[in-house]
$ cat start.txt   # compact mmCIF, C-alpha atoms and all ligand atoms
# COMPACT_ATOMS: atom_id res chain seq x y z
CA MET A 1 -203.90 -53.10 -22.53
CA THR A 2 -204.52 -50.91 -25.57
CA ILE A 3 -200.81 -50.29 -26.05
CA CYS A 4 -200.11 -53.98 -25.82
CA THR A 5 -202.73 -54.82 -28.49
CA LEU A 6 -201.43 -52.12 -30.79
CA THR A 7 -197.92 -53.44 -30.43
CA GLU A 8 -199.04 -56.94 -31.38
CA GLN A 9 -200.86 -55.64 -34.42
CA ASN A 10 -197.89 -53.56 -35.50
CA THR A 11 -195.55 -56.48 -35.10
CA THR A 12 -197.83 -58.71 -37.11
CA SER A 13 -198.26 -56.27 -39.98
CA LEU A 14 -194.51 -55.57 -40.06
CA TYR A 15 -193.85 -59.28 -40.25
CA VAL A 16 -196.39 -59.71 -43.03
CA GLN A 17 -194.74 -56.89 -44.98
CA LEU A 18 -191.32 -58.44 -44.58
CA ILE A 19 -192.08 -61.87 -45.90
CA SER A 20 -192.80 -62.26 -49.56
CA VAL A 21 -196.23 -63.12 -50.85
CA ALA A 22 -194.90 -66.52 -51.92
CA GLU A 23 -193.62 -67.27 -48.43
CA LEU A 24 -196.92 -66.21 -46.96
CA PHE A 25 -198.72 -68.55 -49.32
CA THR A 26 -196.50 -71.48 -48.38
CA TYR A 27 -196.89 -70.62 -44.69
CA LEU A 28 -200.67 -70.59 -44.96
CA ARG A 29 -200.71 -73.90 -46.79
CA ARG A 30 -198.46 -75.36 -44.10
CA ILE A 31 -200.85 -74.31 -41.33
CA LYS A 32 -203.68 -75.85 -43.31
CA TYR A 33 -201.67 -79.01 -43.85
CA PHE A 34 -200.97 -79.51 -40.18
CA ARG A 35 -204.68 -79.03 -39.54
CA VAL A 36 -205.79 -81.53 -42.17
CA SER A 37 -203.14 -84.18 -41.78
CA LYS A 38 -204.09 -86.39 -38.90
CA MET A 39 -203.07 -89.61 -40.64
CA SER A 40 -199.65 -88.85 -42.07
CA GLN A 41 -196.94 -87.85 -39.65
CA GLU A 42 -194.60 -86.52 -42.32
CA ILE A 43 -194.94 -83.63 -44.73
CA PRO A 44 -194.84 -85.41 -48.09
CA HIS A 45 -191.77 -84.00 -49.83
CA TRP A 46 -191.22 -87.17 -51.83
CA ILE A 47 -193.14 -89.95 -53.48
CA PRO A 48 -193.01 -93.16 -51.43
CA VAL A 49 -192.02 -96.50 -52.93
CA VAL A 50 -194.34 -99.41 -52.12
CA ASP A 51 -193.06 -102.95 -52.60
CA LEU A 52 -195.88 -105.20 -53.80
CA SER A 53 -193.93 -108.48 -53.63
CA PRO A 54 -196.13 -109.88 -50.81
CA ILE A 55 -199.15 -109.68 -53.12
CA ARG A 56 -197.67 -110.88 -56.41
CA GLY A 57 -199.89 -113.30 -58.28
CA GLU A 58 -203.55 -113.64 -59.15
CA TYR A 59 -206.07 -111.46 -57.33
CA GLY A 60 -208.11 -114.50 -56.29
CA ASP A 61 -205.10 -116.18 -54.65
CA ILE A 62 -203.95 -113.36 -52.36
CA THR A 63 -204.47 -114.00 -48.66
CA LYS A 64 -205.52 -111.53 -45.97
CA GLU A 65 -202.11 -111.96 -44.34
CA ALA A 66 -200.42 -110.97 -47.58
CA TYR A 67 -202.57 -107.83 -47.95
CA ALA A 68 -201.81 -106.93 -44.33
CA LYS A 69 -198.10 -106.65 -45.18
CA VAL A 70 -198.67 -103.84 -47.67
CA VAL A 71 -201.85 -102.09 -46.62
CA THR A 72 -200.48 -99.39 -44.31
CA GLN A 73 -197.63 -98.41 -46.56
CA LEU A 74 -199.85 -98.08 -49.59
CA GLY A 75 -202.67 -96.32 -47.75
CA ASP A 76 -200.35 -93.83 -46.01
CA ALA A 77 -198.80 -92.90 -49.35
CA MET A 78 -202.14 -92.45 -51.04
CA SER A 79 -203.63 -90.44 -48.19
CA GLY A 80 -200.43 -88.38 -47.97
CA ILE A 81 -199.06 -87.04 -51.24
CA GLY A 82 -201.60 -89.11 -53.20
CA PHE A 83 -198.93 -90.74 -55.39
CA CYS A 84 -196.61 -93.71 -54.92
CA TYR A 85 -194.27 -95.91 -56.93
CA LEU A 86 -195.20 -99.59 -57.08
CA VAL A 87 -192.24 -101.95 -57.38
CA ASN A 88 -192.25 -105.75 -57.70
CA HIS A 89 -195.78 -105.46 -59.02
CA GLY A 90 -195.49 -108.70 -60.99
CA ILE A 91 -196.40 -107.31 -64.42
CA GLU A 92 -194.30 -108.96 -67.11
CA THR A 93 -191.58 -106.63 -68.34
CA ALA A 94 -191.82 -108.06 -71.87
CA LYS A 95 -195.47 -106.97 -72.12
CA VAL A 96 -194.64 -103.48 -70.93
CA ASP A 97 -191.70 -103.24 -73.34
CA HIS A 98 -193.95 -104.35 -76.18
CA VAL A 99 -196.34 -101.46 -75.53
CA TYR A 100 -193.40 -99.03 -75.48
CA ASP A 101 -192.14 -100.50 -78.74
CA VAL A 102 -195.40 -100.34 -80.70
CA SER A 103 -196.14 -96.89 -79.29
CA ARG A 104 -192.81 -95.45 -80.40
CA LYS A 105 -193.23 -96.93 -83.86
CA PHE A 106 -196.77 -95.57 -84.18
CA PHE A 107 -195.87 -92.05 -83.07
CA ALA A 108 -192.88 -92.04 -85.45
CA LYS A 109 -195.25 -92.46 -88.44
CA PRO A 110 -196.14 -89.48 -90.65
CA ILE A 111 -198.93 -87.29 -89.37
CA GLN A 112 -201.12 -88.22 -92.38
CA TYR A 113 -201.10 -91.84 -91.24
CA LYS A 114 -201.89 -90.99 -87.63
CA ARG A 115 -204.69 -88.65 -88.66
CA LYS A 116 -206.55 -91.56 -90.20
CA TYR A 117 -207.21 -92.61 -86.62
CA LEU A 118 -208.38 -89.32 -85.15
CA LYS A 119 -211.09 -89.84 -82.57
CA VAL A 120 -214.61 -90.17 -83.88
CA ASN A 121 -217.56 -89.10 -81.79
CA PRO A 122 -216.00 -87.87 -78.52
CA PRO A 123 -217.05 -87.72 -75.73
CA GLU A 124 -219.25 -90.78 -76.34
CA ASN A 125 -216.21 -92.61 -77.56
CA PHE A 126 -212.67 -91.60 -76.84
CA HIS A 127 -210.75 -94.19 -78.82
CA GLY A 128 -208.03 -93.09 -81.23
CA TYR A 129 -205.38 -90.51 -81.92
CA THR A 130 -205.02 -86.95 -80.62
CA GLU A 131 -202.63 -84.48 -82.21
CA PRO A 132 -200.21 -82.33 -80.19
CA GLY A 133 -201.96 -79.29 -78.77
CA ALA A 134 -205.48 -80.62 -79.35
CA GLU A 135 -206.18 -81.46 -75.73
CA LEU A 136 -205.85 -79.28 -72.67
CA LEU A 137 -205.82 -80.93 -69.27
CA ASN A 138 -205.16 -77.68 -67.44
CA GLU A 139 -208.61 -76.16 -67.71
CA ALA A 140 -207.46 -72.96 -66.01
CA GLU A 141 -204.86 -72.15 -68.69
CA LYS A 142 -206.95 -71.94 -71.81
CA ASN A 143 -204.17 -70.21 -73.74
CA SER A 144 -201.47 -72.76 -73.01
CA THR A 145 -200.41 -75.52 -75.39
CA GLU A 146 -199.85 -79.07 -74.23
CA LEU A 147 -197.34 -80.67 -76.54
CA ARG A 148 -198.09 -84.37 -76.12
CA GLU A 149 -199.67 -86.60 -78.73
CA VAL A 150 -201.87 -89.40 -77.58
CA TRP A 151 -203.27 -92.77 -78.50
CA ASP A 152 -206.30 -93.81 -76.43
CA MET A 153 -207.36 -97.44 -76.34
CA TRP A 154 -210.92 -97.52 -75.09
CA GLY A 155 -211.89 -100.66 -73.22
CA TRP A 156 -215.61 -100.94 -73.54
CA TRP A 157 -216.58 -100.49 -77.14
CA GLY A 158 -220.25 -99.57 -77.08
CA PRO A 159 -222.19 -98.90 -80.27
CA ASN A 160 -219.29 -97.41 -82.22
CA LYS A 161 -217.07 -98.49 -85.08
CA SER A 162 -215.75 -102.02 -85.07
CA TRP A 163 -212.53 -102.62 -83.23
CA GLU A 164 -210.67 -103.57 -86.41
CA GLU A 165 -211.67 -100.35 -88.17
CA ALA A 166 -210.63 -98.15 -85.28
CA CYS A 167 -207.20 -99.62 -84.54
CA PRO A 168 -204.06 -98.98 -86.59
CA ASP A 169 -203.62 -101.06 -89.71
CA PRO A 170 -202.08 -104.43 -88.69
CA VAL A 171 -199.76 -104.38 -91.71
CA GLU A 172 -198.51 -100.83 -91.15
CA SER A 173 -198.48 -101.14 -87.36
CA PRO A 174 -197.98 -104.85 -86.65
CA GLY A 175 -198.77 -106.02 -83.14
CA PHE A 176 -200.05 -102.59 -82.05
CA THR A 177 -203.48 -103.55 -80.80
CA GLU A 178 -202.28 -106.92 -79.50
CA ALA A 179 -199.62 -105.28 -77.32
CA PHE A 180 -202.21 -103.19 -75.46
CA GLU A 181 -204.65 -106.04 -75.23
CA ALA A 182 -202.02 -108.39 -73.80
CA LEU A 183 -201.26 -105.92 -71.02
CA ARG A 184 -204.87 -105.17 -70.11
CA PRO A 185 -205.56 -108.34 -68.02
CA GLU A 186 -202.37 -107.74 -66.07
CA MET A 187 -203.43 -104.17 -65.33
CA ASP A 188 -206.88 -105.38 -64.28
CA ASN A 189 -205.34 -107.91 -61.92
CA VAL A 190 -203.09 -105.40 -60.17
CA SER A 191 -205.91 -102.83 -60.05
CA LYS A 192 -208.21 -105.25 -58.23
CA LYS A 193 -205.52 -105.91 -55.63
CA LEU A 194 -205.01 -102.17 -55.16
CA PHE A 195 -208.76 -101.63 -54.71
CA LYS A 196 -208.81 -104.33 -52.06
CA LEU A 197 -205.88 -102.71 -50.25
CA LEU A 198 -207.44 -99.26 -50.35
CA ALA A 199 -210.76 -100.52 -48.97
CA LEU A 200 -208.90 -102.34 -46.18
CA TYR A 201 -206.85 -99.26 -45.37
CA LEU A 202 -209.93 -97.07 -45.23
CA GLN A 203 -211.71 -99.72 -43.13
CA LEU A 204 -214.76 -99.62 -45.34
CA ASP A 205 -217.61 -101.85 -44.10
CA ASP A 206 -217.30 -103.82 -47.30
CA GLU A 207 -213.73 -104.62 -48.28
CA ASP A 208 -214.97 -105.32 -51.80
CA PHE A 209 -216.60 -101.89 -52.06
CA PHE A 210 -214.34 -100.71 -54.90
CA ILE A 211 -214.15 -104.13 -56.57
CA LYS A 212 -217.94 -104.22 -56.84
CA ARG A 213 -217.96 -100.82 -58.50
CA HIS A 214 -215.30 -101.78 -61.04
CA ARG A 215 -216.78 -104.96 -62.47
CA ASN A 216 -215.46 -103.71 -65.80
CA LEU A 217 -212.03 -104.94 -64.72
CA GLY A 218 -211.83 -108.23 -66.57
CA ASP A 219 -215.28 -107.91 -68.16
CA LEU A 220 -215.22 -105.81 -71.32
CA SER A 221 -218.98 -106.15 -71.78
CA ILE A 222 -219.61 -103.73 -68.91
CA PRO A 223 -220.01 -100.11 -70.03
CA CYS A 224 -217.21 -98.02 -68.59
CA GLN A 225 -214.54 -95.49 -69.53
CA THR A 226 -211.52 -97.43 -68.30
CA GLN A 227 -208.85 -96.84 -70.91
CA MET A 228 -205.22 -97.23 -71.87
CA ARG A 229 -203.47 -94.09 -73.02
CA SER A 230 -200.09 -93.96 -74.70
CA MET A 231 -198.37 -90.59 -74.81
CA PHE A 232 -195.48 -89.32 -76.85
CA TYR A 233 -193.79 -86.04 -76.08
CA ASP A 234 -191.71 -85.16 -79.11
CA VAL A 235 -188.33 -83.41 -79.19
CA VAL A 236 -188.61 -79.66 -79.38
CA SER A 237 -185.80 -78.18 -81.40
CA PRO A 238 -183.67 -75.69 -79.43
CA ASP A 239 -184.45 -73.01 -81.99
CA ALA A 240 -188.15 -73.75 -82.18
CA LYS A 241 -190.49 -70.92 -81.25
CA LEU A 242 -192.75 -72.49 -78.69
CA PRO A 243 -196.30 -71.19 -78.35
CA PRO A 244 -196.92 -69.22 -75.15
CA GLY A 245 -197.43 -71.40 -72.10
CA ALA A 246 -196.06 -74.49 -73.87
CA ILE A 247 -195.73 -77.46 -71.55
CA ARG A 248 -195.69 -81.18 -72.13
CA CYS A 249 -198.74 -81.76 -69.95
CA GLY A 250 -200.46 -79.01 -68.04
CA GLU A 251 -201.25 -79.30 -64.34
CA HIS A 252 -204.37 -81.32 -63.64
CA SER A 253 -205.74 -84.06 -61.47
CA ASP A 254 -206.95 -87.27 -63.08
CA TRP A 255 -210.65 -87.77 -63.57
CA GLY A 256 -211.42 -91.33 -62.51
CA SER A 257 -210.68 -93.83 -59.74
CA ILE A 258 -207.01 -94.75 -59.96
CA THR A 259 -204.25 -94.19 -62.52
CA LEU A 260 -201.35 -96.54 -63.20
CA LEU A 261 -198.54 -94.88 -65.12
CA PHE A 262 -195.45 -96.25 -66.83
CA GLN A 263 -192.80 -93.72 -67.83
CA ASP A 264 -189.47 -94.04 -69.62
CA SER A 265 -186.21 -92.72 -68.15
CA VAL A 266 -186.53 -89.10 -69.32
CA GLY A 267 -188.50 -87.63 -66.42
CA GLY A 268 -190.36 -84.34 -66.16
CA LEU A 269 -193.42 -85.53 -64.23
CA GLU A 270 -194.02 -83.44 -61.10
CA VAL A 271 -196.59 -83.80 -58.35
CA GLN A 272 -197.90 -81.04 -56.12
CA ASN A 273 -197.85 -81.77 -52.39
CA VAL A 274 -200.15 -80.22 -49.81
CA LEU A 275 -197.78 -77.31 -49.31
CA GLY A 276 -198.09 -76.41 -52.97
CA GLU A 277 -194.52 -77.53 -53.69
CA TRP A 278 -193.73 -79.48 -56.87
CA VAL A 279 -192.13 -82.85 -56.15
CA GLN A 280 -190.25 -84.67 -58.93
CA ALA A 281 -191.56 -88.10 -59.89
CA THR A 282 -188.07 -89.23 -60.92
CA PRO A 283 -188.28 -92.38 -63.05
CA ILE A 284 -187.58 -95.65 -61.21
CA PRO A 285 -186.93 -98.50 -63.66
CA ASP A 286 -189.69 -101.11 -63.84
CA SER A 287 -191.95 -99.25 -61.44
CA ILE A 288 -195.54 -98.13 -61.91
CA ILE A 289 -196.69 -94.80 -60.55
CA LEU A 290 -200.05 -94.98 -58.83
CA ASN A 291 -202.30 -92.02 -58.06
CA SER A 292 -205.93 -91.45 -57.27
CA GLY A 293 -208.37 -89.46 -59.37
CA GLN A 294 -211.30 -87.15 -58.77
CA LEU A 295 -213.93 -89.87 -58.35
CA MET A 296 -211.80 -91.67 -55.77
CA GLU A 297 -211.31 -88.39 -53.92
CA LEU A 298 -215.07 -87.83 -53.88
CA TRP A 299 -215.85 -91.40 -52.78
CA THR A 300 -213.42 -91.21 -49.89
CA GLY A 301 -214.39 -87.71 -48.73
CA GLY A 302 -210.88 -86.55 -49.62
CA ARG A 303 -209.01 -89.20 -47.60
CA LEU A 304 -207.39 -90.24 -50.89
CA HIS A 305 -206.84 -87.03 -52.70
CA ALA A 306 -206.51 -86.35 -56.40
CA ALA A 307 -203.15 -84.59 -56.47
CA LEU A 308 -202.27 -82.07 -59.15
CA HIS A 309 -199.48 -83.11 -61.48
CA ARG A 310 -197.85 -81.94 -64.71
CA VAL A 311 -195.06 -82.82 -67.11
CA LYS A 312 -192.49 -80.12 -67.75
CA ILE A 313 -190.09 -79.96 -70.66
CA PRO A 314 -186.76 -81.12 -69.25
CA GLU A 315 -183.89 -78.96 -70.27
CA SER A 316 -180.20 -79.75 -70.15
CA ALA A 317 -177.16 -78.19 -71.72
CA ASP A 318 -175.85 -79.82 -74.87
CA SER A 319 -172.27 -79.46 -76.11
CA SER A 320 -172.94 -76.08 -77.69
CA GLY A 321 -174.44 -74.80 -74.49
CA LYS A 322 -177.95 -74.65 -75.97
CA LEU A 323 -180.91 -76.12 -74.28
CA PHE A 324 -182.48 -79.20 -75.74
CA GLN A 325 -185.40 -81.38 -74.94
CA GLN A 326 -185.49 -85.12 -75.03
CA PRO A 327 -188.45 -87.07 -76.41
CA ARG A 328 -190.48 -88.90 -73.81
CA GLN A 329 -192.84 -91.87 -73.92
CA SER A 330 -195.26 -92.87 -71.19
CA PHE A 331 -198.46 -94.84 -70.98
CA ILE A 332 -201.28 -95.09 -68.54
CA TYR A 333 -204.08 -97.33 -67.44
CA PHE A 334 -206.88 -95.04 -66.28
CA VAL A 335 -209.24 -97.14 -64.18
CA ASN A 336 -212.78 -95.83 -64.00
CA PRO A 337 -215.91 -97.05 -62.25
CA ASP A 338 -218.58 -98.89 -64.19
CA GLY A 339 -220.34 -96.21 -66.22
CA PRO A 340 -223.71 -95.96 -64.41
CA GLU A 341 -222.05 -95.93 -60.97
CA ARG A 342 -223.18 -93.03 -58.79
CA VAL A 343 -220.31 -91.60 -56.75
CA SER A 344 -220.69 -89.68 -53.49
CA PRO A 345 -218.69 -89.70 -50.24
CA VAL A 346 -218.90 -92.88 -48.17
CA LEU A 347 -216.55 -91.55 -45.51
CA PRO A 348 -216.67 -88.39 -43.41
CA ILE A 349 -215.28 -85.40 -45.31
CA ARG A 350 -211.64 -84.83 -44.48
CA GLU A 351 -210.80 -81.44 -42.97
CA GLY A 352 -209.65 -79.10 -45.70
CA LYS A 353 -211.76 -80.91 -48.32
CA GLU A 354 -215.10 -79.37 -47.34
CA GLU A 355 -215.89 -78.47 -50.93
CA LEU A 356 -216.53 -82.18 -51.58
CA ALA A 357 -219.60 -82.02 -49.33
CA THR A 358 -221.19 -79.54 -51.73
CA LYS A 359 -220.65 -81.65 -54.86
CA PRO A 360 -223.67 -83.41 -56.26
CA THR A 361 -223.53 -87.16 -56.66
CA LEU A 362 -221.57 -87.80 -59.85
CA VAL A 363 -222.50 -90.48 -62.34
CA ALA A 364 -219.21 -91.93 -63.54
CA PHE A 365 -220.14 -91.80 -67.23
CA ASP A 366 -221.36 -88.19 -67.07
CA HIS A 367 -218.38 -86.97 -65.08
CA TYR A 368 -215.89 -88.40 -67.54
CA LYS A 369 -217.79 -87.09 -70.56
CA ALA A 370 -217.93 -83.61 -69.04
CA ARG A 371 -214.18 -83.71 -68.43
CA ILE A 372 -213.53 -84.84 -72.02
CA VAL A 373 -215.63 -82.00 -73.39
CA GLU A 374 -213.78 -79.50 -71.22
CA ALA A 375 -210.34 -80.82 -72.22
CA THR A 376 -211.01 -81.15 -75.92
CA MET A 377 -212.94 -77.99 -76.74
CA LEU A 378 -209.99 -76.75 -78.77
CA GLY A 379 -209.24 -79.75 -80.87
CA TYR A 380 -212.33 -81.66 -81.98
O1 LIG B 401 -197.03 -88.64 -69.12
C1 LIG B 401 -197.09 -88.55 -67.90
O2 LIG B 401 -196.15 -88.86 -67.17
C2 LIG B 401 -198.33 -88.06 -67.19
C3 LIG B 401 -199.51 -87.75 -68.07
C4 LIG B 401 -200.75 -87.51 -67.27
O3 LIG B 401 -200.68 -87.13 -66.14
C5 LIG B 401 -202.09 -87.75 -67.84
O4 LIG B 401 -202.20 -87.99 -69.06
O5 LIG B 401 -203.07 -87.72 -67.09
FE FE B 402 -202.60 -87.22 -65.16

$ encode --input "start.txt" --output "structure tokens"
Amino acid sequence: MTICTLTEQNTTSLYVQLISVAELFTYLRRIKYFRVSKMSQEIPHWIPVVDLSPIRGEYGDITKEAYAKVVTQLGDAMSGIGFCYLVNHGIETAKVDHVYDVSRKFFAKPIQYKRKYLKVNPPENFHGYTEPGAELLNEAEKNSTELREVWDMWGWWGPNKSWEEACPDPVESPGFTEAFEALRPEMDNVSKKLFKLLALYLQLDDEDFFIKRHRNLGDLSIPCQTQMRSMFYDVVSPDAKLPPGAIRCGEHSDWGSITLLFQDSVGGLEVQNVLGEWVQATPIPDSIILNSGQLMELWTGGRLHAALHRVKIPESADSSGKLFQQPRQSFIYFVNPDGPERVSPVLPIREGKEELATKPTLVAFDHYKARIVEATMLGY
């Protein structure tokens, strides 16, 4: 009996010595994944594509039968890797292209021009321009440098500067503000449909649970931190000395309810799956990438998890064999609950997400402000 036990122990320790620490880590995560994943049959090694054509059109016109055609696919994706591509989402391509166009023109302007629009009064208000390196989404890597520059278009305006004062000069940047504003109702419409689908998937008692907590969608008078964010990742010259830990966007999870992301064809976005592996979010033309944020994770007891993601600098060989980086443009609609909303789990805590049970109830406004302070300590 004793000999047998010793032999087992020896075998185990020998095995542990033979496999690398990295393999051990992956192995442990895998065990944990199989324990936590009762809903998804597959290990998420890719980002699923969800076709929204059954629910094209106005939120108010979509039937239960139409939602039923999409609900499982969307919900499985969001409770699996936590990310999916939305195709046939019905958002007008011309409006999306217009935002790309005005964004590229704005970011191409001299830094002196862009600095006129630096954010005033964050975290109370987060509208305006952010210089490269001034914001750090990866709170754990305080010494890294995130190379993106950002324009944030706050939705609710509150007691701050007037809209006209805070937006780029209409002569210097014609159509800039209008492009974002034209897209906003479209984003609100698709967001409401997604909230309906998620509530149906999760079988919440009230299928309008999320809708009721995002009345800011379509009503700009409601205090909230829903925002559009346009991001430009400039070319880095092959000979440039990058600061240590330079990355386009450090690993992080988003802060709010859901995120809708448009990216150009350059790529570089990666999503971490439950095994700790980085999965490429390869650009799919005309798609939107959807993911859930920290408040959605908390609300759903971890059923919809806020996956870590990052944007690496893509490198490819040019004719001289040097590495070069391509510029990249993306933009996001970050959907957040109405500001005073108090968020705590409404579903049983998912296995593996026990830490959520220990979190205090978060007030949407306070949570977002705390995240802004954390991310912007360097730059403002
Ligand atoms: O630019 C991207 O593709 C992603 C940026 C991002 O994840 C963020 O700003 O939260
Ligand atoms: Fe993000």

$ residues_near_ligand --input "start.txt" --ligand "ligand FE 402 (chain B)" --cutoff "12 Å" --atoms "all atoms listed in the file" --output "ChimeraX atom specification"
/A:83,136-138,229-231,248-262,269-272,289-294,306-311,330-335

$ closest_residue --input "start.txt" --among "A:Asp234, A:Asp188, A:Glu178, A:Asp264" --to "ligand LIG 401 (chain B)" --atoms "all atoms listed in the file"
A:Asp264

$ atom_distance --input "start.txt" --atom1 "CA of Pro48 in chain A" --atom2 "CA of Arg104 in chain A"
29.1 Å

$ atom_distance --input "start.txt" --atom1 "CA of Asp169 in chain A" --atom2 "CA of Ala375 in chain A"
27.6 Å

$ atom_distance --input "start.txt" --atom1 "CA of Met78 in chain A" --atom2 "CA of Tyr233 in chain A"
27.2 Å

$ build_atoms --input "start.txt" --residues "range 247-260 of chain A" --atoms "N, CA, C and O atoms" --output "short mmCIF file (atom, residue, chain, number, x, y, z; two decimals), in the coordinates of the input"
data_model
loop_
_atom_site.label_atom_id
_atom_site.label_comp_id
_atom_site.auth_asym_id
_atom_site.auth_seq_id
_atom_site.Cartn_x
_atom_site.Cartn_y
_atom_site.Cartn_z
N ILE A 247 -196.12 -76.50 -72.59
CA ILE A 247 -195.73 -77.46 -71.55
C ILE A 247 -196.03 -78.84 -72.10
O ILE A 247 -196.85 -78.97 -73.02
N ARG A 248 -195.37 -79.85 -71.60
CA ARG A 248 -195.69 -81.18 -72.13
C ARG A 248 -197.10 -81.60 -71.71
O ARG A 248 -197.89 -82.07 -72.51
N CYS A 249 -197.39 -81.43 -70.44
CA CYS A 249 -198.74 -81.76 -69.95
C CYS A 249 -199.07 -80.79 -68.84
O CYS A 249 -198.33 -80.72 -67.85
N GLY A 250 -200.12 -80.04 -69.01
CA GLY A 250 -200.46 -79.01 -68.04
C GLY A 250 -200.93 -79.59 -66.71
O GLY A 250 -201.32 -80.75 -66.64
N GLU A 251 -200.89 -78.77 -65.67
CA GLU A 251 -201.25 -79.30 -64.34
C GLU A 251 -202.74 -79.66 -64.31
O GLU A 251 -203.59 -78.95 -64.82
N HIS A 252 -203.00 -80.79 -63.69
CA HIS A 252 -204.37 -81.32 -63.64
C HIS A 252 -204.41 -82.42 -62.60
O HIS A 252 -203.37 -82.91 -62.17
N SER A 253 -205.61 -82.80 -62.21
CA SER A 253 -205.74 -84.06 -61.47
C SER A 253 -206.51 -85.01 -62.39
O SER A 253 -207.24 -84.56 -63.28
N ASP A 254 -206.30 -86.31 -62.18
CA ASP A 254 -206.95 -87.27 -63.08
C ASP A 254 -208.44 -87.37 -62.73
O ASP A 254 -208.86 -87.00 -61.66
N TRP A 255 -209.19 -87.89 -63.66
CA TRP A 255 -210.65 -87.77 -63.57
C TRP A 255 -211.35 -88.95 -62.88
O TRP A 255 -212.46 -88.83 -62.42
N GLY A 256 -210.71 -90.11 -62.88
CA GLY A 256 -211.42 -91.33 -62.51
C GLY A 256 -211.10 -91.85 -61.12
O GLY A 256 -211.01 -91.08 -60.15
N SER A 257 -210.92 -93.19 -61.04
CA SER A 257 -210.68 -93.83 -59.74
C SER A 257 -209.19 -93.87 -59.42
O SER A 257 -208.73 -93.19 -58.50
N ILE A 258 -208.47 -94.71 -60.16
CA ILE A 258 -207.01 -94.75 -59.96
C ILE A 258 -206.32 -94.72 -61.33
O ILE A 258 -206.92 -95.09 -62.35
N THR A 259 -205.07 -94.27 -61.31
CA THR A 259 -204.25 -94.19 -62.52
C THR A 259 -202.97 -94.98 -62.29
O THR A 259 -202.34 -94.83 -61.23
N LEU A 260 -202.61 -95.80 -63.27
CA LEU A 260 -201.35 -96.54 -63.20
C LEU A 260 -200.49 -96.09 -64.37
O LEU A 260 -200.90 -96.26 -65.53
#
